[in-house]
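**Student:** So I've got this file, final.cif, and it contains mmCIF, C-alpha atoms:
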data_input
loop_
_atom_site.label_atom_id
_atom_site.label_comp_id
_atom_site.auth_asym_id
_atom_site.auth_seq_id
_atom_site.Cartn_x
_atom_site.Cartn_y
_atom_site.Cartn_z
CA MET A 65 0.00 0.00 0.00
CA LEU A 66 1.45 3.33 -1.03
CA ALA A 67 1.30 6.41 1.16
CA THR A 68 -1.64 8.47 -0.05
CA VAL A 69 -3.66 11.55 0.63
CA ALA A 70 -7.11 11.33 -0.91
CA GLY A 71 -7.89 13.98 -3.48
CA ILE A 72 -4.34 15.37 -3.57
CA SER A 73 -1.71 14.38 -6.10
CA ARG A 74 1.53 12.97 -4.68
CA ARG A 75 3.59 15.69 -6.37
CA ALA A 76 1.40 18.52 -5.05
CA PHE A 77 1.34 17.08 -1.56
CA LEU A 78 5.08 16.59 -1.33
CA GLN A 79 5.80 20.03 -2.74
CA ALA A 80 3.51 21.49 -0.09
CA ALA A 81 5.17 19.43 2.63
CA VAL A 82 8.82 20.25 2.03
CA VAL A 83 10.49 23.63 2.43
CA ALA A 84 13.52 24.16 0.20
CA THR A 85 14.99 27.19 1.98
CA LEU A 86 14.18 28.22 5.53
CA PRO A 87 13.41 31.85 6.35
CA ASN A 88 16.07 33.41 8.57
CA ASP A 89 13.87 33.52 11.67
CA ASP A 90 13.04 29.81 11.34
CA ASP A 91 16.68 28.93 10.82
CA HIS A 92 17.70 31.01 13.85
CA PHE A 93 15.07 29.24 15.94
CA LEU A 94 16.31 25.82 14.84
CA ASP A 95 19.89 26.86 15.49
CA ASP A 96 19.05 27.77 19.07
CA LEU A 97 17.04 24.59 19.59
CA SER A 98 19.83 22.47 18.09
CA ARG A 99 22.60 24.08 20.14
CA ARG A 100 20.63 23.41 23.31
CA ALA A 101 20.03 19.79 22.33
CA PHE A 102 23.73 19.33 21.57
CA LEU A 103 24.60 20.77 24.99
CA TYR A 104 22.69 17.90 26.58
CA PHE A 105 24.96 15.34 24.95
CA TRP A 106 28.09 17.33 25.71
CA GLU A 107 27.35 17.91 29.39
CA GLN A 108 25.58 14.67 30.27
CA ALA A 109 28.26 12.35 28.86
CA ASP A 110 31.00 10.91 30.99
CA PRO A 111 34.18 12.39 29.49
CA HIS A 112 36.07 9.09 29.83
CA THR A 113 33.50 6.52 28.64
CA GLY A 114 31.45 8.86 26.45
CA LEU A 115 28.28 7.16 27.74
CA VAL A 116 25.35 9.58 27.99
CA LEU A 117 22.65 9.80 30.63
CA ASP A 118 19.27 8.44 29.62
CA ARG A 119 17.64 11.51 31.18
CA ALA A 120 18.55 14.63 33.13
CA ALA A 121 16.92 17.63 34.76
CA VAL A 122 15.68 20.36 32.44
CA ASP A 123 18.03 22.91 33.99
CA GLY A 124 21.03 20.61 33.65
CA HIS A 125 21.50 19.97 37.36
CA GLN A 126 21.47 16.33 38.36
CA ARG A 127 18.94 15.39 40.99
CA VAL A 128 18.74 12.25 43.06
CA SER A 129 16.38 9.92 41.21
CA HIS A 130 16.06 6.37 39.95
CA SER A 131 17.94 7.36 36.82
CA LEU A 132 21.02 8.89 38.43
CA ASP A 133 24.12 7.86 36.43
CA VAL A 134 22.11 5.54 34.16
CA ALA A 135 23.17 5.90 30.55
CA SER A 136 21.46 4.51 27.49
CA MET A 137 23.11 3.12 24.39
CA ALA A 138 20.64 4.88 22.08
CA ALA A 139 21.41 8.25 23.68
CA THR A 140 25.12 7.53 23.28
CA GLY A 141 24.57 6.87 19.56
CA PHE A 142 22.86 10.22 19.26
CA ALA A 143 25.75 11.80 21.17
CA LEU A 144 28.26 10.57 18.59
CA THR A 145 26.08 12.12 15.90
CA ALA A 146 25.71 15.33 17.92
CA CYS A 147 29.50 15.71 18.01
CA CYS A 148 29.58 15.48 14.22
CA ILE A 149 26.94 18.20 13.91
CA ALA A 150 28.69 20.43 16.45
CA SER A 151 32.00 20.06 14.65
CA ARG A 152 30.43 20.91 11.28
CA ARG A 153 28.72 23.99 12.68
CA ASN A 154 31.72 25.11 14.77
CA TRP A 155 29.78 25.04 18.02
CA ILE A 156 32.94 23.53 19.47
CA GLN A 157 36.39 23.14 17.97
CA GLY A 158 36.63 20.21 15.61
CA ASN A 159 39.58 18.62 17.40
CA ILE A 160 37.65 18.69 20.71
CA ALA A 161 34.64 16.98 19.13
CA ARG A 162 36.96 14.47 17.51
CA GLU A 163 38.55 13.56 20.85
CA ARG A 164 35.15 13.00 22.49
CA VAL A 165 34.19 10.71 19.62
CA ARG A 166 37.51 8.89 19.88
CA ALA A 167 37.13 8.37 23.65
CA THR A 168 33.59 7.06 23.22
CA LEU A 169 34.54 4.61 20.47
CA ARG A 170 37.56 3.39 22.42
CA HIS A 171 35.38 2.60 25.40
CA LEU A 172 32.75 0.86 23.29
CA ALA A 173 35.29 -1.15 21.33
CA LEU A 174 37.70 -2.08 24.12
CA GLU A 175 35.92 -1.90 27.48
CA GLN A 176 32.13 -1.97 27.21
CA ALA A 177 30.53 -5.34 28.00
CA HIS A 178 28.70 -6.92 25.08
CA GLN A 179 27.42 -10.26 23.83
CA PHE A 180 28.38 -11.04 20.23
CA GLY A 181 28.62 -7.28 19.69
CA TRP A 182 25.18 -6.48 21.15
CA TYR A 183 24.99 -3.97 24.00
CA TYR A 184 22.78 -3.72 27.05
CA HIS A 185 20.04 -1.12 26.89
CA PHE A 186 20.95 0.69 30.14
CA VAL A 187 24.37 0.87 31.77
CA ASN A 188 26.21 2.85 34.40
CA ARG A 189 27.56 6.00 32.81
CA LYS A 190 30.91 5.86 34.60
CA ASN A 191 31.90 2.24 34.19
CA GLY A 192 29.49 0.74 31.64
CA GLU A 193 28.11 -1.93 33.98
CA ARG A 194 24.65 -3.28 33.23
CA VAL A 195 21.85 -1.82 35.38
CA TRP A 196 18.26 -2.88 36.24
CA ASN A 197 18.93 -6.39 34.87
CA CYS A 198 18.07 -4.89 31.49
CA GLU A 199 18.16 -6.66 28.15
CA LEU A 200 20.59 -6.70 25.27
CA SER A 201 18.58 -4.50 22.96
CA THR A 202 18.76 -4.86 19.20
CA ILE A 203 17.26 -1.47 18.40
CA ASP A 204 19.34 0.41 20.97
CA THR A 205 22.46 -1.26 19.62
CA ALA A 206 21.34 -0.29 16.11
CA LEU A 207 21.03 3.37 17.09
CA LEU A 208 24.48 3.21 18.65
CA LEU A 209 25.90 1.65 15.49
CA ALA A 210 24.26 4.37 13.41
CA GLY A 211 26.03 7.00 15.49
CA ALA A 212 29.34 5.17 15.18
CA LEU A 213 29.10 4.84 11.39
CA THR A 214 28.04 8.48 11.10
CA ALA A 215 31.14 9.54 13.06
CA GLN A 216 33.28 7.20 10.96
CA GLN A 217 32.27 9.02 7.79
CA CYS A 218 32.26 12.50 9.33
CA PHE A 219 35.84 12.04 10.56
CA ALA A 220 36.86 9.79 7.68
CA GLY A 221 40.43 11.10 7.67
CA ASP A 222 41.04 9.89 11.22
CA ASP A 223 42.36 6.34 10.95
CA GLU A 224 41.69 5.40 14.58
CA ILE A 225 38.08 6.60 14.54
CA TYR A 226 37.48 4.79 11.27
CA ARG A 227 39.02 1.56 12.59
CA LEU A 228 37.23 1.63 15.95
CA ALA A 229 33.83 2.29 14.38
CA GLN A 230 34.41 -0.53 11.91
CA GLN A 231 35.44 -2.89 14.70
CA ILE A 232 32.30 -2.11 16.70
CA TYR A 233 30.08 -2.72 13.67
CA GLU A 234 31.81 -5.80 12.28
CA ARG A 235 31.74 -7.79 15.51
CA VAL A 236 27.94 -7.63 15.83
CA ASN A 237 26.59 -11.10 15.11
CA PHE A 238 23.31 -10.25 13.40
CA ALA A 239 22.67 -13.87 12.46
CA TRP A 240 22.64 -14.80 16.16
CA MET A 241 19.60 -12.54 16.67
CA LEU A 242 17.70 -14.03 13.72
CA ASP A 243 14.84 -16.30 14.73
CA VAL A 244 15.16 -19.25 12.37
CA LYS A 245 11.53 -20.32 12.65
CA SER A 246 9.98 -16.97 11.69
CA GLY A 247 12.90 -15.51 9.75
CA LEU A 248 12.54 -12.32 11.81
CA LEU A 249 15.07 -10.49 13.94
CA ARG A 250 14.56 -10.74 17.67
CA MET A 251 14.15 -7.70 19.88
CA ALA A 252 16.27 -8.71 22.86
CA TRP A 253 18.20 -11.26 24.93
CA LYS A 254 18.94 -11.65 28.65
CA PRO A 255 21.64 -13.80 30.21
CA GLU A 256 19.16 -15.09 32.80
CA SER A 257 16.51 -16.28 30.33
CA GLY A 258 17.95 -16.21 26.83
CA PHE A 259 16.12 -14.71 23.86
CA LEU A 260 13.00 -12.74 24.70
CA ARG A 261 9.87 -13.79 22.86
CA PRO A 262 9.11 -10.59 20.85
CA VAL A 263 10.43 -10.33 17.29
CA TRP A 264 10.35 -7.44 14.84
CA ALA A 265 7.21 -8.65 13.09
CA ASN A 266 5.93 -5.31 11.78
CA TYR A 267 7.22 -2.16 10.11
CA ARG A 268 8.60 -0.03 12.94
CA GLU A 269 11.98 1.47 13.84
CA ASN A 270 13.46 -1.93 12.91
CA VAL A 271 14.01 -0.59 9.37
CA LEU A 272 17.37 0.78 10.58
CA LEU A 273 18.25 -2.50 12.28
CA HIS A 274 17.52 -4.49 9.15
CA ILE A 275 19.63 -2.26 6.90
CA LEU A 276 22.56 -2.56 9.31
CA ALA A 277 22.12 -6.35 9.40
CA LEU A 278 21.92 -6.63 5.60
CA GLY A 279 25.05 -4.52 5.16
CA SER A 280 27.20 -6.30 7.73
CA PRO A 281 30.49 -7.38 6.14
CA MET A 282 30.94 -10.23 8.63
CA SER A 283 27.49 -11.46 9.69
CA SER A 284 24.81 -10.32 7.27
CA ILE A 285 21.34 -11.84 7.17
CA PRO A 286 19.48 -12.99 4.03
CA THR A 287 17.95 -10.25 1.88
CA GLU A 288 14.58 -12.01 2.09
CA THR A 289 14.31 -11.03 5.77
CA TRP A 290 13.57 -7.47 4.62
CA PHE A 291 10.28 -8.74 3.16
CA ARG A 292 9.26 -10.84 6.16
CA PHE A 293 8.10 -8.13 8.57
CA ALA A 294 4.58 -6.88 7.85
CA ARG A 295 3.80 -3.47 6.38
CA ASP A 296 0.64 -2.81 8.37
CA PRO A 297 -1.69 -0.40 6.54
CA ILE A 298 -3.40 2.51 8.29
CA VAL A 299 -6.20 4.77 7.09
CA PHE A 300 -7.30 7.86 8.99
CA GLY A 301 -9.57 10.34 7.29
CA ASN A 302 -8.02 11.16 3.92
CA TYR A 303 -4.64 9.69 4.84
CA GLY A 304 -3.32 6.22 4.08
CA TRP A 305 0.14 4.91 5.04
CA VAL A 306 1.93 1.93 6.60
CA GLY A 307 3.18 1.62 10.16
CA ARG A 308 0.85 1.52 13.17
CA GLY A 309 3.52 2.53 15.66
CA PRO A 310 3.89 5.93 17.34
CA ILE A 311 5.43 8.68 15.25
CA PHE A 312 8.93 8.02 16.61
CA THR A 313 8.96 4.67 14.80
CA HIS A 314 8.99 6.62 11.54
CA GLN A 315 11.56 9.13 12.76
CA PHE A 316 14.34 7.07 14.32
CA PRO A 317 15.37 4.96 11.30
CA GLN A 318 15.19 7.86 8.86
CA ALA A 319 17.21 10.13 11.09
CA TYR A 320 20.09 8.23 9.49
CA LEU A 321 18.66 6.54 6.39
CA ASP A 322 17.98 8.90 3.50
CA LEU A 323 15.15 7.13 1.71
CA SER A 324 13.75 10.16 -0.08
CA GLN A 325 14.82 9.03 -3.56
CA LEU A 326 14.35 5.31 -3.06
CA ARG A 327 11.41 3.02 -3.61
CA ASP A 328 11.21 -0.41 -2.03
CA GLY A 329 11.52 -3.31 -4.42
CA PRO A 330 8.70 -5.79 -5.09
CA PRO A 331 6.35 -6.77 -3.60
CA TYR A 332 5.77 -3.54 -1.67
CA GLY A 333 7.00 -0.64 -3.81
CA ILE A 334 6.88 1.84 -0.93
CA ASN A 335 8.78 5.10 -0.70
CA TYR A 336 9.23 5.19 3.07
CA PHE A 337 10.11 8.88 3.15
CA ASP A 338 6.84 9.79 1.45
CA ASN A 339 5.11 7.36 3.80
CA SER A 340 6.49 9.18 6.85
CA ILE A 341 5.41 12.57 5.51
CA VAL A 342 1.86 11.26 5.30
CA ALA A 343 2.12 9.70 8.77
CA THR A 344 3.19 13.06 10.21
CA TYR A 345 0.28 14.94 8.62
CA ALA A 346 -2.11 12.22 9.76
CA HIS A 347 -0.73 12.45 13.29
CA ARG A 348 -1.46 16.16 13.41
CA GLU A 349 -4.92 15.56 11.99
CA TYR A 350 -5.59 13.00 14.70
CA CYS A 351 -4.57 15.48 17.40
CA LEU A 352 -6.90 18.06 15.86
CA SER A 353 -9.75 15.54 16.00
CA LEU A 354 -9.39 15.52 19.80
CA ARG A 355 -10.04 19.22 20.31
CA SER A 356 -13.44 18.50 21.84
CA LEU A 357 -11.57 16.69 24.61
CA TYR A 358 -8.37 18.75 24.71
CA SER A 359 -9.12 22.28 23.63
CA ASP A 360 -5.46 23.34 23.66
CA PHE A 361 -4.67 21.10 20.68
CA SER A 362 -4.55 23.16 17.49
CA LYS A 363 -2.95 23.17 14.06
CA ASP A 364 0.10 24.76 15.71
CA LEU A 365 0.05 22.86 19.01
CA TRP A 366 0.02 19.08 18.67
CA GLY A 367 2.14 15.96 19.05
CA VAL A 368 2.04 12.77 21.14
CA THR A 369 4.62 9.99 21.30
CA PRO A 370 5.84 7.84 24.24
CA SER A 371 6.87 10.19 27.02
CA ASP A 372 6.68 11.13 30.66
CA SER A 373 3.34 12.27 32.00
CA SER A 374 1.95 13.43 35.31
CA ILE A 375 1.46 9.76 36.25
CA GLY A 376 4.77 8.43 34.91
CA TYR A 377 6.16 7.17 31.60
CA VAL A 378 3.41 6.26 29.13
CA ILE A 379 3.64 4.34 25.86
CA TRP A 380 1.05 6.36 23.98
CA GLY A 381 0.70 7.58 20.43
CA GLY A 382 0.26 4.29 18.54
CA TRP A 383 -2.56 3.42 16.16
CA GLY A 384 -4.79 0.54 17.21
CA GLU A 385 -7.89 -0.69 15.44
CA LYS A 386 -9.68 1.87 17.59
CA ARG A 387 -7.40 4.62 18.84
CA PRO A 388 -7.73 4.46 22.68
CA ARG A 389 -8.54 8.04 23.62
CA ARG A 390 -8.54 7.12 27.28
CA ASP A 391 -4.78 6.63 26.99
CA LEU A 392 -4.28 10.32 26.19
CA ASP A 393 -4.71 13.22 28.59
CA GLY A 394 -3.88 16.33 26.57
CA THR A 395 -0.13 16.14 27.18
CA VAL A 396 2.00 17.55 24.36
CA VAL A 397 5.33 15.91 23.52
CA PRO A 398 7.62 18.34 21.61
CA CYS A 399 9.80 15.69 19.98
CA ALA A 400 6.75 14.35 18.12
CA ALA A 401 6.93 17.46 15.95
CA GLY A 402 10.68 17.93 16.42
CA GLY A 403 11.56 14.49 15.10
CA SER A 404 9.46 15.05 11.98
CA LEU A 405 11.07 18.34 10.96
CA MET A 406 12.86 16.50 8.15
CA PHE A 407 9.53 15.17 6.85
CA ALA A 408 7.06 18.02 7.27
CA PRO A 409 8.64 21.35 8.22
CA LYS A 410 5.58 23.34 7.11
CA ILE A 411 3.58 21.94 10.03
CA CYS A 412 6.34 20.97 12.47
CA LEU A 413 8.16 24.30 12.61
CA PRO A 414 5.04 26.32 13.52
CA ALA A 415 4.20 23.77 16.21
CA LEU A 416 7.62 24.01 17.83
CA ARG A 417 7.68 27.78 17.60
CA THR A 418 4.25 27.97 19.21
CA MET A 419 5.42 25.72 22.04
CA GLN A 420 8.46 27.93 22.59
CA GLU A 421 6.56 31.22 22.35
CA GLU A 422 3.57 30.25 24.51
CA PHE A 423 5.12 27.79 26.98
CA GLY A 424 8.85 28.49 26.72
CA GLU A 425 9.07 30.14 30.13
CA VAL A 426 8.32 26.80 31.80
CA ALA A 427 8.97 24.18 29.10
CA TYR A 428 12.04 25.46 27.20
CA GLY A 429 15.33 25.46 29.06
CA ARG A 430 19.02 24.75 28.92
CA TYR A 431 18.63 21.65 26.75
CA GLY A 432 15.63 22.79 24.74
CA PHE A 433 12.14 21.48 25.35
CA ALA A 434 11.16 19.48 28.41
CA ASP A 435 10.19 15.93 27.52
CA ALA A 436 6.48 16.78 27.78
CA PHE A 437 3.99 19.27 29.19
CA ASN A 438 0.25 19.54 29.63
CA PRO A 439 -1.19 22.93 28.61
CA ALA A 440 -4.50 22.33 30.42
CA SER A 441 -3.22 21.15 33.80
CA GLY A 442 0.00 23.17 33.81
CA TRP A 443 2.12 20.06 34.44
CA VAL A 444 5.64 20.29 33.00
CA ASP A 445 8.13 17.43 33.03
CA PRO A 446 11.15 18.37 35.17
CA GLU A 447 13.38 16.20 32.98
CA VAL A 448 14.53 15.79 29.40
CA LEU A 449 15.24 12.46 27.69
CA GLY A 450 18.38 11.95 25.64
CA ILE A 451 16.67 10.15 22.76
CA ASP A 452 14.09 12.93 22.45
CA GLN A 453 16.74 15.64 22.30
CA GLY A 454 18.67 13.44 19.88
CA ILE A 455 15.90 12.87 17.36
CA THR A 456 15.02 16.57 17.41
CA LEU A 457 18.65 17.60 16.84
CA VAL A 458 19.25 15.12 14.01
CA SER A 459 15.96 15.81 12.27
CA ALA A 460 16.59 19.56 12.42
CA GLU A 461 20.07 19.10 10.97
CA ASN A 462 18.80 16.92 8.13
CA LEU A 463 16.28 19.61 7.29
CA ARG A 464 18.91 22.36 7.40
CA SER A 465 21.85 20.63 5.69
CA ARG A 466 21.13 16.90 5.09
CA SER A 467 24.52 16.29 6.74
CA VAL A 468 23.61 13.28 8.88
CA TRP A 469 22.00 11.58 5.90
CA LYS A 470 25.11 12.27 3.80
CA TRP A 471 27.51 10.90 6.41
CA PHE A 472 25.57 7.75 7.19
CA MET A 473 24.68 6.93 3.60
CA ALA A 474 28.36 7.29 2.62
CA SER A 475 29.17 4.10 4.53
CA PRO A 476 30.00 1.30 2.06
CA ALA A 477 28.08 -1.16 4.23
CA ILE A 478 24.94 0.95 4.12
CA GLN A 479 25.25 1.45 0.38
CA ARG A 480 25.60 -2.30 0.01
CA ALA A 481 22.49 -2.98 2.10
CA VAL A 482 20.38 -0.36 0.39
CA GLY A 483 21.42 -1.75 -2.98
CA LYS A 484 20.07 -5.15 -1.96
CA VAL A 485 16.53 -4.02 -1.30
CA PHE A 486 15.89 -0.74 -3.09
CA GLU A 487 15.86 0.47 -6.65
CA TRP A 488 16.35 4.10 -7.68
CA ILE A 489 13.21 5.93 -8.72
CA GLY A 490 13.57 6.87 -12.35
#
Could you show the structure in this file as structure tokens?

**Tutor:**
Amino acid sequence: MLATVAGISRRAFLQAAVVATLPNDDDHFLDDLSRRAFLYFWEQADPHTGLVLDRAAVDGHQRVSHSLDVASMAATGFALTACCIASRRNWIQGNIARERVRATLRHLALEQAHQFGWYYHFVNRKNGERVWNCELSTIDTALLLAGALTAQQCFAGDDEIYRLAQQIYERVNFAWMLDVKSGLLRMAWKPESGFLRPVWANYRENVLLHILALGSPMSSIPTETWFRFARDPIVFGNYGWVGRGPIFTHQFPQAYLDLSQLRDGPPYGINYFDNSIVATYAHREYCLSLRSLYSDFSKDLWGVTPSDSSIGYVIWGGWGEKRPRRDLDGTVVPCAAGGSLMFAPKICLPALRTMQEEFGEVAYGRYGFADAFNPASGWVDPEVLGIDQGITLVSAENLRSRSVWKWFMASPAIQRAVGKVFEWIG
């Protein structure tokens, strides 16, 4: 099923969705937002291991909480990418960014515990030890690998960075995580219980994981695995697309993969970039449909994806057969719009600017936007999450310069994988 908008030609819709050149005031806003997001990764990383806190206080001051000194591998992958962006934009001196990248890759390659190249989801920031008896996570390892390969290409003239990144990628045994019975990649493994039951059975953020697995020079998986996970169709109003997951499941893989000029081979024939544009517009439309319940939602104030809330962390924002309205409470999650800047700037930029202008005094701080806030109740999350700052930073940079896409797609392994499953649109 191709991404569609009823009554609107694909060409007209995409031309309306994408901005070629940003006005100066929009670019200045994104520059400020991006600098703040980068500061999170610079300040919340251990300077020796390079591991980055999963979350931190909005004002940058650590507070005693369950997450004190807990780093995440996905946030660390975004941190490697953030250093590349900061170096390109001269937010810090290039040699300083290079040394942080080098230190991080050294730790990951030589000291960080792993199993067949796969890393634990959460670890201690200072020493890399596993915490909370967490799992080896395939998607978190994939996001870390994406950051490593991005840094490899950004600092391609540095032999040690190139070698360390290649070592980290090549030792991942992708075949070990392949469930033979279903032909699908598994989500996780624990030393206490072995492989966890869930597999990547549907189109989600696993797109990135599969491309990395297909491109592996040492342990690739069969090309046919790309066609085994389901492309689950969604229709909402005039919008049709694939992928029932929350909006972040569209954003994370394409933060690195530039799929804008590529169409999937048979039997699907999907352009996933177009598909994610439609998903973003549909997401806004869904938020607007809830205005009778949450009057603060508007065309310039919208966005829900898994986040903190006044009652704790909530996995909301997915599309079920019947969207469960009871699972929403009017909370706005800035990275829902922030992560889709690269897809739909015409609707995402106004949303972010409205959030900053109307709620910035309480919800926009040292590292950019708080993870979430509720306009009706006045609740504001006291913390930010690394992956949310990361997807906003990378998406903004792809919109402004396409740099992250260029670096990641320059990897020979990624070119090899993409060549296996895609054909150029003529």

**Student:** Hey, can you check how far atom CA of A:Ala252 sits from atom CA of A:Tyr226?

**Tutor:** 27.7 Å

**Student:** Which residues are close to stretch 187-192 of chain A, i.e. within 7 Å by all atoms listed in the file, leaving aside same-chain residues fewer than 3 positions away? Reply as a list of chain:residue names.

**Tutor:** A:Asp110, A:Thr113, A:Leu115, A:Val116, A:Leu117, A:Asp133, A:Val134, A:Ala135, A:Ser136, A:Gln176, A:Tyr184, A:Val195

**Student:** Take the selection from the previous step and output its residues with C-alpha atoms, as a tab-separated table (two decimals), in the frame of the given file.

**Tutor:**
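Final output, result31.tsv:
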chain	number	residue	atom	x	y	z
A	110	ASP	CA	31.00	10.91	30.99
A	113	THR	CA	33.50	6.52	28.64
A	115	LEU	CA	28.28	7.16	27.74
A	116	VAL	CA	25.35	9.58	27.99
A	117	LEU	CA	22.65	9.80	30.63
A	133	ASP	CA	24.12	7.86	36.43
A	134	VAL	CA	22.11	5.54	34.16
A	135	ALA	CA	23.17	5.90	30.55
A	136	SER	CA	21.46	4.51	27.49
A	176	GLN	CA	32.13	-1.97	27.21
A	184	TYR	CA	22.78	-3.72	27.05
A	195	VAL	CA	21.85	-1.82	35.38

**Student:** Using all atoms listed in the file, which residue out of A:Gly247, A:Gly450, A:Pro281, A:Pro409 lies closest to A:Gln479?

**Tutor:**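 For A:Gln479, the nearest of the candidates is A:Pro281.
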
**Student:** I'd like to know which of A:Trp383, A:Phe291, A:Trp488, A:Trp253 is closest to A:Gly307, using all atoms listed in the file.

**Tutor:**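 Smallest separation from A:Gly307 among the options: A:Trp383.
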
**Student:** Please identify all polymer residues within 12 Å of A:Leu208, counting all atoms listed in the file, omitting same-chain residues fewer than 4 positions from it, and present them as a ChimeraX atom specification.

**Tutor:** /A:114-116,136-145,168-169,172-173,181-185,201-204,212-215,229,232-233,236,272-273,276,316-317,320,451,454

**Student:** May I have the residues from that selection written out with C-alpha atoms, as a PDB file, in the coordinates of the input?

**Tutor:**
ATOM      1  CA  GLY A 114      31.450   8.860  26.450  1.00  0.00           C
ATOM      2  CA  LEU A 115      28.280   7.160  27.740  1.00  0.00           C
ATOM      3  CA  VAL A 116      25.350   9.580  27.990  1.00  0.00           C
ATOM      4  CA  SER A 136      21.460   4.510  27.490  1.00  0.00           C
ATOM      5  CA  MET A 137      23.110   3.120  24.390  1.00  0.00           C
ATOM      6  CA  ALA A 138      20.640   4.880  22.080  1.00  0.00           C
ATOM      7  CA  ALA A 139      21.410   8.250  23.680  1.00  0.00           C
ATOM      8  CA  THR A 140      25.120   7.530  23.280  1.00  0.00           C
ATOM      9  CA  GLY A 141      24.570   6.870  19.560  1.00  0.00           C
ATOM     10  CA  PHE A 142      22.860  10.220  19.260  1.00  0.00           C
ATOM     11  CA  ALA A 143      25.750  11.800  21.170  1.00  0.00           C
ATOM     12  CA  LEU A 144      28.260  10.570  18.590  1.00  0.00           C
ATOM     13  CA  THR A 145      26.080  12.120  15.900  1.00  0.00           C
ATOM     14  CA  THR A 168      33.590   7.060  23.220  1.00  0.00           C
ATOM     15  CA  LEU A 169      34.540   4.610  20.470  1.00  0.00           C
ATOM     16  CA  LEU A 172      32.750   0.860  23.290  1.00  0.00           C
ATOM     17  CA  ALA A 173      35.290  -1.150  21.330  1.00  0.00           C
ATOM     18  CA  GLY A 181      28.620  -7.280  19.690  1.00  0.00           C
ATOM     19  CA  TRP A 182      25.180  -6.480  21.150  1.00  0.00           C
ATOM     20  CA  TYR A 183      24.990  -3.970  24.000  1.00  0.00           C
ATOM     21  CA  TYR A 184      22.780  -3.720  27.050  1.00  0.00           C
ATOM     22  CA  HIS A 185      20.040  -1.120  26.890  1.00  0.00           C
ATOM     23  CA  SER A 201      18.580  -4.500  22.960  1.00  0.00           C
ATOM     24  CA  THR A 202      18.760  -4.860  19.200  1.00  0.00           C
ATOM     25  CA  ILE A 203      17.260  -1.470  18.400  1.00  0.00           C
ATOM     26  CA  ASP A 204      19.340   0.410  20.970  1.00  0.00           C
ATOM     27  CA  ALA A 212      29.340   5.170  15.180  1.00  0.00           C
ATOM     28  CA  LEU A 213      29.100   4.840  11.390  1.00  0.00           C
ATOM     29  CA  THR A 214      28.040   8.480  11.100  1.00  0.00           C
ATOM     30  CA  ALA A 215      31.140   9.540  13.060  1.00  0.00           C
ATOM     31  CA  ALA A 229      33.830   2.290  14.380  1.00  0.00           C
ATOM     32  CA  ILE A 232      32.300  -2.110  16.700  1.00  0.00           C
ATOM     33  CA  TYR A 233      30.080  -2.720  13.670  1.00  0.00           C
ATOM     34  CA  VAL A 236      27.940  -7.630  15.830  1.00  0.00           C
ATOM     35  CA  LEU A 272      17.370   0.780  10.580  1.00  0.00           C
ATOM     36  CA  LEU A 273      18.250  -2.500  12.280  1.00  0.00           C
ATOM     37  CA  LEU A 276      22.560  -2.560   9.310  1.00  0.00           C
ATOM     38  CA  PHE A 316      14.340   7.070  14.320  1.00  0.00           C
ATOM     39  CA  PRO A 317      15.370   4.960  11.300  1.00  0.00           C
ATOM     40  CA  TYR A 320      20.090   8.230   9.490  1.00  0.00           C
ATOM     41  CA  ILE A 451      16.670  10.150  22.760  1.00  0.00           C
ATOM     42  CA  GLY A 454      18.670  13.440  19.880  1.00  0.00           C
TER      43      GLY A 454
END

**Student:** Restricting the calculation to all atoms listed in the file, which member of A:Asp328, A:Glu461, A:Asp391, A:Asp364 is positioned closest to A:Ala146?

**Tutor:**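 Looking only at the distances to A:Ala146, the closest residue turns out to be A:Glu461.
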
**Student:** Evaluating the PyMOL selection byres ((chain A and resi 370) around 8) on the displayed file yields which residues, as a list in words?

**Tutor:** Pro310, Val368, Thr369, Ser371, Asp372, Tyr377, Val378, Ile379, Trp380 and Gly381 of chain A

**Student:** Just write the chosen residues, C-alpha atoms, as a short mmCIF file (atom, residue, chain, number, x, y, z; two decimals), keeping the file's coordinate frame.

**Tutor:**
data_model
loop_
_atom_site.label_atom_id
_atom_site.label_comp_id
_atom_site.auth_asym_id
_atom_site.auth_seq_id
_atom_site.Cartn_x
_atom_site.Cartn_y
_atom_site.Cartn_z
CA PRO A 310 3.89 5.93 17.34
CA VAL A 368 2.04 12.77 21.14
CA THR A 369 4.62 9.99 21.30
CA SER A 371 6.87 10.19 27.02
CA ASP A 372 6.68 11.13 30.66
CA TYR A 377 6.16 7.17 31.60
CA VAL A 378 3.41 6.26 29.13
CA ILE A 379 3.64 4.34 25.86
CA TRP A 380 1.05 6.36 23.98
CA GLY A 381 0.70 7.58 20.43
#

**Student:** Record the distance separating atom CA of A:Tyr350 and atom CA of A:Gly402, expressed in Å with one decimal.

**Tutor:**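 Interatomic distance, atom CA of A:Tyr350 to atom CA of A:Gly402: 17.1 Å.
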
**Student:** Fewer than 6 positions away in the same chain doesn't count, so skip those; otherwise give me all residues within 10 Å of A:Lys470, counting all atoms listed in the file, as a VMD selection string.

**Tutor:** chain A and resid 214 217 to 218 320 to 322 462

**Student:** Pick out the closest residue to A:Arg119 from this set: A:Val271, A:Ala177, A:Ala434, A:Leu326. Count only C-alpha atoms.

**Tutor:**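 That would be A:Ala434, the residue with the smallest distance to A:Arg119.
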
**Student:** Quick one: everything within 12 Å of A:Leu323, counting all atoms listed in the file, minus sequence neighbours fewer than 6 positions away in the same chain. Send it as an MDAnalysis selection string.

**Tutor:** chainID A and resid 271:272 275 314:315 317 334:341 406:407 466 469:470 472:473 478:479 482:483 485:489
